[in-house]
Amino acid sequence: MIRQPNKIKNFIEKNGVSYYTLETDSYLEESFTELPHGIINKTETGIGATTLELNAKRNSIIVEPIKITASSKAHKFNALYIGSETRFHKQTTKAQIRDYLADDAIAYKKIVVVADSLKKLDAYFKKGLLKDFFLMIDEVDSFQNDSKFRYSMEQCMDIYKAVPLQQRALVTATLQPFSDPILIAETKTIIQLETPKTRQIKVIHTNNLHGSAIDNIKKQLKSNPGEKIMVAYNSVSGCYDIAQNLVDDGIVLADRIKILCSKNNEETVKQYYHELDSDKLPAQLNFVTSAYFSGFDIHERFHLVSISKGNSNIYALSEHKLKQIAGRCRDKQKLFSETILYAANDFNESAKKTTPEELIEAAESEIKALECLSRNFERNAILSNQLEKIRQTIIADTKFSGYGLLRHDIDLKTTIAYLSIDAAVESSRVIVDLYNGKTLLPEILKNEGNDITFLDENSLTKVPKQNIEVLESQGITDKLLEGLEHCHSDHEIIDVSDQLTGLKKIHMAIIGIFIDNYLRVDRDQLLQHLRKGGNQKDLRYLRRLKLSLIFTTLQNTNFYKRTVFNYLQIGKEYTPMELLQKWNKIFQELGFQKRLRVTADAVKITKKHFETVKTRKPSFKIISDNPFKVTVTSHLPDESPPSLHDLLG
């Protein structure tokens with residue numbers, strides 16, 4: 001396993017942990033021929049763990065948390081990519097996977113897979129076709145933290161634990177403790193450089209996070225006109241709001257700003273959207289969300305501004321995450337500058353961290369309660385029919401600070417959600433250790449050996465209060481849709497929604513519409529419409545979407561749809577008064593005890609059912625029965641009608 005012994009300055013083994021000290025500024029591939037197995041804390045970003053494994057003389061499967069990282073690394077090393085479509089790759093088919101595995105001309109097979117797609121390989125593991133592969137999960141701390149929103153992260157660990165001990169590794173530069181007893185017992189390796197990397201950081205506490213962000217970005221743009229800036233903020237809508245303020249104030253042109261985020265957020269950020277397609281930042285001012293916090297490399301210098309809201313487990317950044325973000329710069333001369341803007345809580349002497357032992361004990365009690373429930377309900381023919389529904393409700397509703405304690409594993413068995421527990425413990429630690437008072441974060445960063453300049457700033461730049469409320473709601477919408485994107489069953493949808501806190505009526509409407517339609521219409525189109533509805537100030541868009549999707553997906557033989565078509569035909573024009581009369585006849589024929597009294601209501605209901613254009617008469621010409629232009633993949637059962645509440649809501 002050792003390539004150049006002289007690159008290893010020290011090695012000791014203590015309490016079952018292997019400690020390697022490597023030559024300063026060296027890469028793992030200079031010291032090792034392949035990764036060791038078990039948990040690997042490499043302690044530094046950018047020292048080439050995935051490069052080492054992709055070049056190792058053995059068959060490898062490397063799992064990345066996001067497709068951007070997976071696709072770019074597969075492209076660079078000519079490996080097989082498995083994941084959804086990117087700039088470099090089309091979506092991989094089962095036939096392509098089978099052909100690649102059967103190709104004897106490839107000496108060492110290398111597969112780079114997105115976490116959400118690892119399940120595609122599970123069947124090959126079970127058939128023994130991957131018995132000679134080494135499985136590496138990269139950025140494993142991301143799997144822990146993102147498990148709250150992405151069910152697939154836990155399933156990756158199910159697959160990982162089924163692989164033989166000598167053929168698997170979990171890798172990160174910012175290791176978090178595990179609560180899973182199997183992972184606690186895993187072999188551990190700690191790799192550090194002889195001279196650890198340190199950073200010069202300006203750390204600014206502020207009473208006005210968005211205002212300070214705008215102030216500091218303005219200063220950077222004015223002081224360093226030819227140099228790029230990267231702003232790391234885990235809020236898509238927050239990034240857009242700051243960017244738009246800078247454009248509106250004439251500080252920077254819109255075409256010099258890019259927001260790097262998930263494709264599902266493209267409509268939210270509009271003209272600023274960009275998906276990273278090289279190792280250079282695409283604009284003068286670049287905003288990145290959590291999809292770009294780890295795993296990708298930027299081979300140029302830039303100014304970094306990280307934004308952390310310390311009273312939120314969604315927007316608060318740990319010292320580990322801040323290190324990962326700074327580590328995106330792979331230029332040898334390092335960052336031009338690094339600034340951290342943060343808001344902290346007032347000091348609370350009674351603030352207490354949650355322990356994994358407390359949460360595991362609670363999870364075990366929940367499992368016992370479910371077992372007791374099952375024994376009693378199964379004895380009764382009436383109650384036994386309700387058992388699974390009640391079990392699901394208990395699992396969904398029993399959580400700690402939004403983190404679920406139980407989950408369904410890859411075989412749909414109820415088990416402890418260890419990654420979710422890890423995330424809950426880490427979230428609690430971050431809020432208490434870093435943001436319980438304004439001095440903690442700079443102290444921790446200083447204790448890591450960094451050169452810290454601390455400022456306490458009161459920004460006078462005003463951001464309207466209602467915008468902040470909208471941003472908070474949109475931030476939850478972002479997380480919700482990010483999780484729903486990867487759901488393939490009602491169980492997974494419930495898991496995603498129940499892990500989120502602060503859900504409002506608009507978010508519950510999104511969940512309901514997604515559950516009703518994710519198997520019936522094109523998923524990307526559905527998510528785009530849900531995002532647009534989630535960014536509205538009220539529920540009108542989502543209510544219209546809900547009924548429109550019901551009508552669009554009804555079979556043409558459905559009694560309700562046939563009744564509507566009897567009175568309103570595609571291609572014909574109707575005045576508002578004619579629409580009023582026809583809808584009242586439709587209601588009468590359907591047996592609804594309701595009559596419309598104003599033409600505006602008739603026009604509104606028509607637009608829920610049909611795509612229309614206004615003509616000069618004035619009349620409304622009906623264009624199609626698919627007003628949101630979605631691709632239908634399957635239809636509702638023939639007996640399914642919309643309710644009067646849906647029609648009038």
# chains A, B, ... in the order shown; residues from 1 in each chain; ligands from 1
>>> select_by_dssp(residues="stretch 514-623 of chain A", states="strand (DSSP E)", output="VMD selection string")
chain A and resid 573 to 574 611 to 614 620 to 623
>>> closest_atom_pairs(of="stretch 145-210 of chain A", to="stretch 64-74 of chain A", cutoff="12 Å", atoms="only C-alpha atoms", output="CSV")
residue,atom,partner,partner_atom,distance
A:Asn145,CA,A:Pro65,CA,10.7
A:Asp146,CA,A:Pro65,CA,8.7
A:Ser147,CA,A:Pro65,CA,10.4
A:Arg150,CA,A:Pro65,CA,10.0
A:Ser152,CA,A:Pro65,CA,9.8
A:Met153,CA,A:Pro65,CA,8.1
A:Glu154,CA,A:Pro65,CA,11.7
A:Cys156,CA,A:Pro65,CA,10.1
A:Leu170,CA,A:Glu64,CA,11.0
A:Val171,CA,A:Glu64,CA,10.5
A:Thr172,CA,A:Glu64,CA,11.2
>>> atom_distance(atom1="atom CA of A:Lys572", atom2="atom CA of A:Lys614")
11.7 Å
>>> closest_residue(among="A:Pro637, A:Gly250, A:Pro181, A:Gly226", to="A:Leu554", atoms="only C-alpha atoms")
A:Pro637
>>> residues_around(residues="A:Tyr342", least_positions_apart="4", cutoff="6 Å", atoms="only C-alpha atoms", output="number ranges by chain")
A: 205, 307-309
